[in-house]
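Trainee: Structure file target_31.cif (mmCIF, N, CA and C atoms) right here:
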data_target
loop_
_atom_site.label_atom_id
_atom_site.label_comp_id
_atom_site.auth_asym_id
_atom_site.auth_seq_id
_atom_site.Cartn_x
_atom_site.Cartn_y
_atom_site.Cartn_z
N MET W 544 -20.13 14.67 11.65
CA MET W 544 -20.86 13.90 10.67
C MET W 544 -19.95 13.01 9.84
N ALA W 545 -18.67 13.25 9.89
CA ALA W 545 -17.75 12.44 9.10
C ALA W 545 -17.80 10.98 9.51
N ALA W 546 -18.15 10.70 10.77
CA ALA W 546 -18.25 9.32 11.22
C ALA W 546 -19.36 8.58 10.48
N ALA W 547 -20.43 9.27 10.14
CA ALA W 547 -21.52 8.63 9.40
C ALA W 547 -21.04 8.15 8.04
N ALA W 548 -20.09 8.86 7.47
CA ALA W 548 -19.59 8.48 6.15
C ALA W 548 -18.86 7.14 6.19
N ALA W 549 -18.33 6.79 7.37
CA ALA W 549 -17.56 5.56 7.48
C ALA W 549 -18.44 4.31 7.47
N THR W 550 -19.76 4.48 7.60
CA THR W 550 -20.64 3.32 7.64
C THR W 550 -20.69 2.58 6.32
N ARG W 551 -20.42 3.25 5.23
CA ARG W 551 -20.35 2.58 3.93
C ARG W 551 -19.51 3.43 2.99
N PRO W 552 -18.97 2.81 1.96
CA PRO W 552 -18.12 3.58 1.04
C PRO W 552 -18.90 4.69 0.34
N TYR W 553 -18.18 5.70 -0.03
CA TYR W 553 -18.72 6.84 -0.76
C TYR W 553 -18.19 6.72 -2.18
N ASP W 554 -19.08 6.42 -3.11
CA ASP W 554 -18.69 6.13 -4.48
C ASP W 554 -18.95 7.31 -5.41
N VAL W 555 -17.90 7.72 -6.12
CA VAL W 555 -17.99 8.83 -7.06
C VAL W 555 -17.61 8.32 -8.45
N LEU W 556 -18.43 8.64 -9.43
CA LEU W 556 -18.10 8.38 -10.82
C LEU W 556 -17.69 9.71 -11.43
N LEU W 557 -16.44 9.80 -11.85
CA LEU W 557 -15.91 11.01 -12.46
C LEU W 557 -15.88 10.80 -13.97
N VAL W 558 -16.63 11.63 -14.69
CA VAL W 558 -16.70 11.55 -16.16
C VAL W 558 -15.91 12.75 -16.68
N GLU W 559 -14.64 12.50 -16.98
CA GLU W 559 -13.70 13.58 -17.29
C GLU W 559 -12.62 13.05 -18.22
N ASP W 560 -12.45 13.69 -19.38
CA ASP W 560 -11.44 13.22 -20.33
C ASP W 560 -10.08 13.87 -20.16
N ASP W 561 -9.99 14.94 -19.40
CA ASP W 561 -8.71 15.62 -19.17
C ASP W 561 -8.02 14.95 -17.98
N LEU W 562 -6.92 14.23 -18.26
CA LEU W 562 -6.25 13.48 -17.19
C LEU W 562 -5.69 14.37 -16.10
N ALA W 563 -5.22 15.56 -16.45
CA ALA W 563 -4.69 16.49 -15.44
C ALA W 563 -5.81 16.93 -14.50
N ASP W 564 -6.97 17.29 -15.05
CA ASP W 564 -8.11 17.67 -14.20
C ASP W 564 -8.57 16.49 -13.36
N ALA W 565 -8.59 15.29 -13.95
CA ALA W 565 -9.01 14.10 -13.20
C ALA W 565 -8.08 13.86 -12.01
N MET W 566 -6.78 14.03 -12.22
CA MET W 566 -5.84 13.85 -11.12
C MET W 566 -6.02 14.91 -10.04
N LEU W 567 -6.27 16.14 -10.44
CA LEU W 567 -6.52 17.20 -9.46
C LEU W 567 -7.77 16.90 -8.63
N ILE W 568 -8.81 16.42 -9.29
CA ILE W 568 -10.05 16.09 -8.59
C ILE W 568 -9.81 14.93 -7.63
N GLN W 569 -9.10 13.90 -8.09
CA GLN W 569 -8.79 12.77 -7.20
C GLN W 569 -7.99 13.23 -5.99
N ASP W 570 -7.00 14.07 -6.20
CA ASP W 570 -6.17 14.57 -5.09
C ASP W 570 -7.01 15.38 -4.10
N ALA W 571 -7.88 16.23 -4.62
CA ALA W 571 -8.72 17.05 -3.74
C ALA W 571 -9.66 16.18 -2.92
N LEU W 572 -10.20 15.12 -3.52
CA LEU W 572 -11.09 14.22 -2.79
C LEU W 572 -10.31 13.40 -1.76
N ALA W 573 -9.10 12.99 -2.11
CA ALA W 573 -8.30 12.16 -1.21
C ALA W 573 -7.93 12.92 0.07
N GLU W 574 -7.85 14.23 -0.01
CA GLU W 574 -7.51 15.03 1.17
C GLU W 574 -8.55 14.86 2.28
N ARG W 575 -9.77 14.56 1.93
CA ARG W 575 -10.84 14.43 2.91
C ARG W 575 -11.08 12.98 3.33
N GLY W 576 -10.24 12.07 2.88
CA GLY W 576 -10.41 10.68 3.30
C GLY W 576 -10.67 9.77 2.11
N THR W 577 -10.98 8.54 2.44
CA THR W 577 -11.13 7.52 1.41
C THR W 577 -12.39 7.73 0.59
N ARG W 578 -12.24 7.63 -0.71
CA ARG W 578 -13.35 7.66 -1.65
C ARG W 578 -13.15 6.52 -2.63
N ASN W 579 -14.22 5.93 -3.05
CA ASN W 579 -14.15 5.00 -4.17
C ASN W 579 -14.44 5.84 -5.40
N LEU W 580 -13.39 6.22 -6.11
CA LEU W 580 -13.56 7.07 -7.27
C LEU W 580 -13.21 6.28 -8.52
N THR W 581 -14.16 6.26 -9.45
CA THR W 581 -13.95 5.63 -10.74
C THR W 581 -13.97 6.73 -11.78
N GLN W 582 -12.93 6.76 -12.62
CA GLN W 582 -12.85 7.79 -13.64
C GLN W 582 -13.00 7.15 -15.02
N VAL W 583 -13.88 7.72 -15.82
CA VAL W 583 -14.05 7.32 -17.22
C VAL W 583 -13.88 8.58 -18.08
N SER W 584 -13.62 8.38 -19.38
CA SER W 584 -13.24 9.54 -20.19
C SER W 584 -14.33 10.11 -21.09
N ASP W 585 -15.52 9.48 -21.12
CA ASP W 585 -16.61 10.06 -21.90
C ASP W 585 -17.94 9.44 -21.49
N GLY W 586 -19.01 9.95 -22.08
CA GLY W 586 -20.35 9.50 -21.74
C GLY W 586 -20.62 8.05 -22.09
N VAL W 587 -20.02 7.56 -23.17
CA VAL W 587 -20.22 6.16 -23.56
C VAL W 587 -19.67 5.24 -22.47
N GLU W 588 -18.42 5.51 -22.04
CA GLU W 588 -17.82 4.70 -20.97
C GLU W 588 -18.63 4.83 -19.68
N ALA W 589 -19.12 6.01 -19.39
CA ALA W 589 -19.89 6.23 -18.16
C ALA W 589 -21.18 5.41 -18.17
N LEU W 590 -21.88 5.40 -19.30
CA LEU W 590 -23.11 4.61 -19.38
C LEU W 590 -22.81 3.11 -19.28
N GLU W 591 -21.73 2.67 -19.91
CA GLU W 591 -21.35 1.26 -19.80
C GLU W 591 -21.08 0.90 -18.34
N TYR W 592 -20.38 1.79 -17.64
CA TYR W 592 -20.08 1.56 -16.22
C TYR W 592 -21.38 1.50 -15.40
N LEU W 593 -22.25 2.48 -15.61
CA LEU W 593 -23.49 2.56 -14.83
C LEU W 593 -24.43 1.38 -15.09
N ARG W 594 -24.41 0.88 -16.29
CA ARG W 594 -25.34 -0.20 -16.64
C ARG W 594 -24.77 -1.59 -16.39
N ASP W 595 -23.52 -1.68 -15.94
CA ASP W 595 -22.90 -2.96 -15.62
C ASP W 595 -23.34 -3.37 -14.21
N PRO W 596 -24.08 -4.48 -14.08
CA PRO W 596 -24.59 -4.88 -12.76
C PRO W 596 -23.48 -5.24 -11.77
N ASN W 597 -22.26 -5.44 -12.24
CA ASN W 597 -21.15 -5.76 -11.34
C ASN W 597 -20.54 -4.54 -10.68
N ASN W 598 -20.91 -3.34 -11.13
CA ASN W 598 -20.37 -2.11 -10.57
C ASN W 598 -21.31 -1.54 -9.52
N GLU W 599 -20.71 -0.94 -8.49
CA GLU W 599 -21.49 -0.25 -7.47
C GLU W 599 -22.16 0.99 -8.09
N ARG W 600 -23.35 1.26 -7.66
CA ARG W 600 -24.04 2.48 -8.08
C ARG W 600 -23.37 3.66 -7.37
N PRO W 601 -22.95 4.66 -8.12
CA PRO W 601 -22.27 5.78 -7.45
C PRO W 601 -23.24 6.64 -6.63
N ASP W 602 -22.69 7.25 -5.60
CA ASP W 602 -23.46 8.21 -4.80
C ASP W 602 -23.52 9.56 -5.49
N LEU W 603 -22.56 9.79 -6.39
CA LEU W 603 -22.43 11.08 -7.05
C LEU W 603 -21.72 10.89 -8.39
N ILE W 604 -22.19 11.62 -9.40
CA ILE W 604 -21.49 11.69 -10.69
C ILE W 604 -20.99 13.12 -10.85
N VAL W 605 -19.68 13.25 -11.08
CA VAL W 605 -19.08 14.54 -11.39
C VAL W 605 -18.79 14.51 -12.89
N LEU W 606 -19.39 15.46 -13.61
CA LEU W 606 -19.45 15.38 -15.07
C LEU W 606 -18.87 16.61 -15.75
N ASP W 607 -17.92 16.35 -16.66
CA ASP W 607 -17.44 17.41 -17.56
C ASP W 607 -18.40 17.47 -18.75
N LEU W 608 -18.50 18.60 -19.40
CA LEU W 608 -19.38 18.71 -20.57
C LEU W 608 -18.67 18.41 -21.88
N ASN W 609 -17.42 18.83 -22.00
CA ASN W 609 -16.72 18.75 -23.28
C ASN W 609 -15.84 17.51 -23.34
N MET W 610 -16.36 16.47 -24.01
CA MET W 610 -15.65 15.20 -24.13
C MET W 610 -15.93 14.60 -25.50
N PRO W 611 -15.06 13.65 -25.92
CA PRO W 611 -15.28 12.99 -27.22
C PRO W 611 -16.43 11.98 -27.15
N ARG W 612 -16.77 11.45 -28.28
CA ARG W 612 -17.81 10.42 -28.46
C ARG W 612 -19.17 10.88 -27.93
N MET W 613 -19.44 10.74 -26.66
CA MET W 613 -20.69 11.25 -26.08
C MET W 613 -20.30 12.32 -25.06
N ASN W 614 -20.66 13.57 -25.35
CA ASN W 614 -20.29 14.64 -24.43
C ASN W 614 -21.19 14.66 -23.19
N GLY W 615 -20.87 15.54 -22.26
CA GLY W 615 -21.60 15.61 -21.01
C GLY W 615 -23.06 16.01 -21.16
N ARG W 616 -23.35 16.84 -22.14
CA ARG W 616 -24.74 17.26 -22.38
C ARG W 616 -25.59 16.05 -22.77
N GLU W 617 -25.06 15.26 -23.71
CA GLU W 617 -25.78 14.07 -24.19
C GLU W 617 -25.91 13.04 -23.07
N PHE W 618 -24.83 12.84 -22.32
CA PHE W 618 -24.84 11.88 -21.22
C PHE W 618 -25.88 12.26 -20.17
N LEU W 619 -25.89 13.52 -19.80
CA LEU W 619 -26.83 14.01 -18.78
C LEU W 619 -28.27 13.77 -19.22
N ALA W 620 -28.57 14.05 -20.47
CA ALA W 620 -29.93 13.84 -20.99
C ALA W 620 -30.32 12.37 -20.89
N VAL W 621 -29.40 11.45 -21.25
CA VAL W 621 -29.69 10.02 -21.19
C VAL W 621 -29.89 9.56 -19.75
N VAL W 622 -28.99 9.96 -18.86
CA VAL W 622 -29.06 9.52 -17.46
C VAL W 622 -30.34 9.99 -16.79
N LYS W 623 -30.71 11.22 -17.01
CA LYS W 623 -31.88 11.77 -16.31
C LYS W 623 -33.20 11.29 -16.92
N GLU W 624 -33.15 10.64 -18.08
CA GLU W 624 -34.35 10.02 -18.66
C GLU W 624 -34.46 8.55 -18.28
N ASP W 625 -33.41 7.98 -17.71
CA ASP W 625 -33.37 6.56 -17.37
C ASP W 625 -33.91 6.36 -15.95
N PRO W 626 -35.02 5.63 -15.78
CA PRO W 626 -35.60 5.46 -14.45
C PRO W 626 -34.66 4.81 -13.44
N ASP W 627 -33.71 4.01 -13.90
CA ASP W 627 -32.77 3.35 -12.99
C ASP W 627 -31.61 4.25 -12.59
N LEU W 628 -31.38 5.32 -13.33
CA LEU W 628 -30.21 6.17 -13.08
C LEU W 628 -30.56 7.59 -12.67
N ARG W 629 -31.75 8.04 -12.94
CA ARG W 629 -32.08 9.47 -12.79
C ARG W 629 -31.94 10.00 -11.38
N THR W 630 -31.98 9.14 -10.36
CA THR W 630 -31.88 9.63 -8.99
C THR W 630 -30.45 9.85 -8.52
N ILE W 631 -29.46 9.45 -9.32
CA ILE W 631 -28.06 9.69 -8.95
C ILE W 631 -27.77 11.18 -9.13
N PRO W 632 -27.31 11.85 -8.08
CA PRO W 632 -26.97 13.27 -8.24
C PRO W 632 -25.85 13.47 -9.25
N VAL W 633 -26.01 14.47 -10.10
CA VAL W 633 -24.99 14.80 -11.10
C VAL W 633 -24.59 16.26 -10.91
N VAL W 634 -23.29 16.46 -10.68
CA VAL W 634 -22.72 17.80 -10.60
C VAL W 634 -21.88 18.02 -11.84
N VAL W 635 -22.25 19.02 -12.62
CA VAL W 635 -21.47 19.39 -13.80
C VAL W 635 -20.31 20.24 -13.31
N LEU W 636 -19.09 19.81 -13.65
CA LEU W 636 -17.87 20.55 -13.32
C LEU W 636 -17.12 20.74 -14.63
N THR W 637 -17.18 21.96 -15.16
CA THR W 637 -16.69 22.19 -16.52
C THR W 637 -16.07 23.57 -16.66
N THR W 638 -15.34 23.77 -17.74
CA THR W 638 -14.72 25.08 -18.00
C THR W 638 -15.73 26.09 -18.54
N SER W 639 -16.83 25.62 -19.08
CA SER W 639 -17.78 26.50 -19.75
C SER W 639 -18.67 27.25 -18.75
N ALA W 640 -18.71 28.56 -18.93
CA ALA W 640 -19.65 29.38 -18.17
C ALA W 640 -20.72 29.93 -19.11
N ALA W 641 -20.81 29.37 -20.31
CA ALA W 641 -21.77 29.85 -21.29
C ALA W 641 -23.20 29.69 -20.77
N PRO W 642 -24.00 30.74 -20.84
CA PRO W 642 -25.37 30.66 -20.34
C PRO W 642 -26.17 29.49 -20.93
N ASP W 643 -25.96 29.19 -22.22
CA ASP W 643 -26.67 28.06 -22.83
C ASP W 643 -26.29 26.74 -22.19
N ASP W 644 -25.01 26.58 -21.82
CA ASP W 644 -24.58 25.35 -21.17
C ASP W 644 -25.18 25.23 -19.77
N VAL W 645 -25.17 26.32 -19.03
CA VAL W 645 -25.74 26.30 -17.68
C VAL W 645 -27.23 25.99 -17.75
N THR W 646 -27.95 26.71 -18.59
CA THR W 646 -29.39 26.49 -18.73
C THR W 646 -29.69 25.06 -19.21
N GLY W 647 -28.92 24.61 -20.20
CA GLY W 647 -29.12 23.26 -20.73
C GLY W 647 -28.89 22.19 -19.68
N ALA W 648 -27.86 22.36 -18.86
CA ALA W 648 -27.58 21.37 -17.81
C ALA W 648 -28.73 21.30 -16.82
N TYR W 649 -29.23 22.45 -16.39
CA TYR W 649 -30.36 22.43 -15.45
C TYR W 649 -31.64 21.95 -16.12
N HIS W 650 -31.80 22.25 -17.39
CA HIS W 650 -32.96 21.75 -18.13
C HIS W 650 -32.97 20.22 -18.14
N HIS W 651 -31.78 19.62 -18.18
CA HIS W 651 -31.66 18.16 -18.15
C HIS W 651 -31.47 17.64 -16.72
N HIS W 652 -31.84 18.45 -15.73
CA HIS W 652 -31.90 18.04 -14.33
C HIS W 652 -30.57 17.79 -13.67
N ALA W 653 -29.52 18.54 -14.05
CA ALA W 653 -28.27 18.50 -13.29
C ALA W 653 -28.59 18.98 -11.87
N ASN W 654 -27.93 18.42 -10.89
CA ASN W 654 -28.16 18.82 -9.50
C ASN W 654 -27.39 20.08 -9.14
N ALA W 655 -26.28 20.34 -9.84
CA ALA W 655 -25.51 21.56 -9.64
C ALA W 655 -24.62 21.78 -10.85
N TYR W 656 -24.23 23.02 -11.04
CA TYR W 656 -23.35 23.41 -12.15
C TYR W 656 -22.23 24.24 -11.56
N VAL W 657 -20.99 23.78 -11.72
CA VAL W 657 -19.83 24.48 -11.17
C VAL W 657 -18.85 24.72 -12.31
N THR W 658 -18.43 25.97 -12.47
CA THR W 658 -17.42 26.29 -13.47
C THR W 658 -16.05 26.04 -12.86
N LYS W 659 -15.21 25.31 -13.60
CA LYS W 659 -13.86 25.00 -13.11
C LYS W 659 -13.06 26.29 -12.98
N PRO W 660 -12.62 26.60 -11.77
CA PRO W 660 -11.75 27.78 -11.64
C PRO W 660 -10.41 27.53 -12.32
N VAL W 661 -9.78 28.59 -12.82
CA VAL W 661 -8.49 28.48 -13.48
C VAL W 661 -7.38 28.33 -12.44
N ASN W 662 -7.49 29.02 -11.33
CA ASN W 662 -6.51 28.98 -10.26
C ASN W 662 -6.55 27.61 -9.56
N LEU W 663 -5.40 26.99 -9.34
CA LEU W 663 -5.32 25.66 -8.76
C LEU W 663 -5.97 25.58 -7.38
N GLU W 664 -5.67 26.53 -6.51
CA GLU W 664 -6.25 26.51 -5.16
C GLU W 664 -7.77 26.64 -5.22
N ASP W 665 -8.27 27.49 -6.08
CA ASP W 665 -9.72 27.66 -6.21
C ASP W 665 -10.36 26.41 -6.80
N PHE W 666 -9.67 25.76 -7.73
CA PHE W 666 -10.16 24.52 -8.33
C PHE W 666 -10.31 23.45 -7.25
N GLU W 667 -9.26 23.27 -6.43
CA GLU W 667 -9.31 22.27 -5.36
C GLU W 667 -10.38 22.62 -4.34
N ALA W 668 -10.53 23.90 -4.03
CA ALA W 668 -11.56 24.32 -3.07
C ALA W 668 -12.96 24.02 -3.61
N ALA W 669 -13.16 24.23 -4.91
CA ALA W 669 -14.47 23.93 -5.52
C ALA W 669 -14.78 22.44 -5.42
N VAL W 670 -13.79 21.60 -5.71
CA VAL W 670 -14.00 20.15 -5.63
C VAL W 670 -14.28 19.74 -4.18
N ARG W 671 -13.52 20.29 -3.25
CA ARG W 671 -13.76 19.95 -1.83
C ARG W 671 -15.14 20.40 -1.38
N SER W 672 -15.61 21.52 -1.90
CA SER W 672 -16.95 22.00 -1.54
C SER W 672 -18.04 21.06 -2.05
N ILE W 673 -17.88 20.58 -3.28
CA ILE W 673 -18.84 19.61 -3.84
C ILE W 673 -18.83 18.37 -2.98
N ASP W 674 -17.63 17.88 -2.66
CA ASP W 674 -17.46 16.68 -1.86
C ASP W 674 -18.08 16.86 -0.47
N ALA W 675 -17.79 17.98 0.17
CA ALA W 675 -18.30 18.22 1.52
C ALA W 675 -19.83 18.23 1.54
N PHE W 676 -20.41 18.87 0.56
CA PHE W 676 -21.88 18.92 0.51
C PHE W 676 -22.47 17.52 0.38
N TYR W 677 -21.99 16.75 -0.60
CA TYR W 677 -22.59 15.44 -0.85
C TYR W 677 -22.20 14.39 0.18
N LEU W 678 -21.05 14.57 0.86
CA LEU W 678 -20.65 13.60 1.87
C LEU W 678 -21.18 13.96 3.24
N ASP W 679 -21.07 15.23 3.62
CA ASP W 679 -21.39 15.63 4.99
C ASP W 679 -22.80 16.17 5.19
N ILE W 680 -23.40 16.71 4.16
CA ILE W 680 -24.68 17.40 4.34
C ILE W 680 -25.84 16.65 3.70
N ALA W 681 -25.71 16.30 2.45
CA ALA W 681 -26.81 15.64 1.73
C ALA W 681 -27.05 14.23 2.29
N VAL W 682 -28.29 13.86 2.39
CA VAL W 682 -28.64 12.52 2.85
C VAL W 682 -28.70 11.61 1.62
N LYS W 683 -28.01 10.48 1.72
CA LYS W 683 -27.95 9.53 0.61
C LYS W 683 -28.92 8.37 0.87
N PRO W 684 -29.55 7.86 -0.16
CA PRO W 684 -30.41 6.69 0.04
C PRO W 684 -29.55 5.47 0.35
N PRO W 685 -30.13 4.48 1.04
CA PRO W 685 -29.35 3.28 1.33
C PRO W 685 -29.01 2.54 0.04
N LYS W 686 -27.88 1.84 0.06
CA LYS W 686 -27.49 1.02 -1.10
C LYS W 686 -28.52 -0.09 -1.27
N GLU W 687 -28.81 -0.39 -2.53
CA GLU W 687 -29.77 -1.45 -2.80
C GLU W 687 -29.11 -2.79 -2.75
#
Starting from the file, lay out its structure as structure tokens.

Mentor:
Amino acid sequence: MAAAAATRPYDVLLVEDDLADAMLIQDALAERGTRNLTQVSDGVEALEYLRDPNNERPDLIVLDLNMPRMNGREFLAVVKEDPDLRTIPVVVLTTSAAPDDVTGAYHHHANAYVTKPVNLEDFEAAVRSIDAFYLDIAVKPPKE
């Protein structure tokens, strides 16, 4: 199925303020081939990116919850209420395993919630699993 991915770019919007985690995520994605990955550091930047008609619509948003200005909880609520953005899959990838955060993310229609593992190998494996599912298994709508 990897050949099907070559028919068009696979665009990921990473909303993550921790540069070390962002680099680890980029490295884990790069292991599986080319990705168009755009990284922003908070929900305000992410919304600006998504609403800019010059930017490609991402196939997937990977979202941290704990960020400055507009955190992931607020961003998720805005995105999933926006008719133009709500169909973009959002995977929450965060350090929090708090039940309220998990419930809140699903309440705001997150497509998945993954707690960042502390161990580096487990962290990379989690990112590769998210990537494999959305690239190899999930069917994506055609680009508009």

Trainee: Which one of W:Asp554, W:Arg629, W:Thr638, W:Asp602 sits closest to Val661 (chain W) if you count only N, CA and C atoms?

Mentor: W:Thr638

Trainee: Do you have the atom C of Pro601 (chain W)-atom C of Asn579 (chain W) distance handy?

Mentor: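 Distance between the two atoms: 8.9 Å.
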
Trainee: Fewer than 4 positions away in the same chain doesn't count, so skip those; otherwise give me all residues within 7 Å of Ser639 (chain W), counting all atoms listed in the file, as a PyMOL selection string.

Mentor: chain W and resi 644-645+657-659

Trainee: Name the closest residue to Tyr656 (chain W) among the candidates W:Val558, W:Ala675, W:Ile680, W:Leu608; distances are taken between atoms, counting only C-alpha atoms.

Mentor: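 Counting only C-alpha atoms, the residue closest to Tyr656 (chain W) is W:Leu608.
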
Trainee: At a cut-off of 6.5 Å, using all atoms listed in the file, what residues contact Gly586 (chain W)? Leave out same-chain residues fewer than 6 positions from it and give the result as a PyMOL selection string.

Mentor: chain W and resi 611-615+618

Trainee: Kindly indicate which residue among W:Val634, W:Leu619, W:Pro660, W:Gln582 lies nearest to Leu603 (chain W), using all atoms listed in the file for the distances.

Mentor: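 For Leu603 (chain W), the nearest of the candidates is W:Val634.
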
Trainee: Evaluate the PyMOL selection byres (((chain W and resi 598 and name CA) around 12) and name CA) and record the selected residues as a PyMOL selection string, following the chain and residue labels used in the document.

Mentor: chain W and resi 554-556+579-581+589-597+599-601

Trainee: Smallest atom-to-atom distance to Leu567 (chain W): which of W:Tyr677, W:Asp607, W:Lys683, W:Val670, using all atoms listed in the file?

Mentor: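 Closest to Leu567 (chain W), using all atoms listed in the file: W:Val670.
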
Trainee: Mind the document's chain letters and residue numbers, and return as an NGL selection string the residues of chain W that DSSP labels helix (DSSP H, G or I).

Mentor: :W and (545-548 or 562-573 or 586-594 or 615-624 or 642-650 or 663-680)

Trainee: Give me, please, the distance in Å between atom N of Val605 (chain W) and atom C of Glu667 (chain W), quoted to one decimal.

Mentor: 14.8 Å
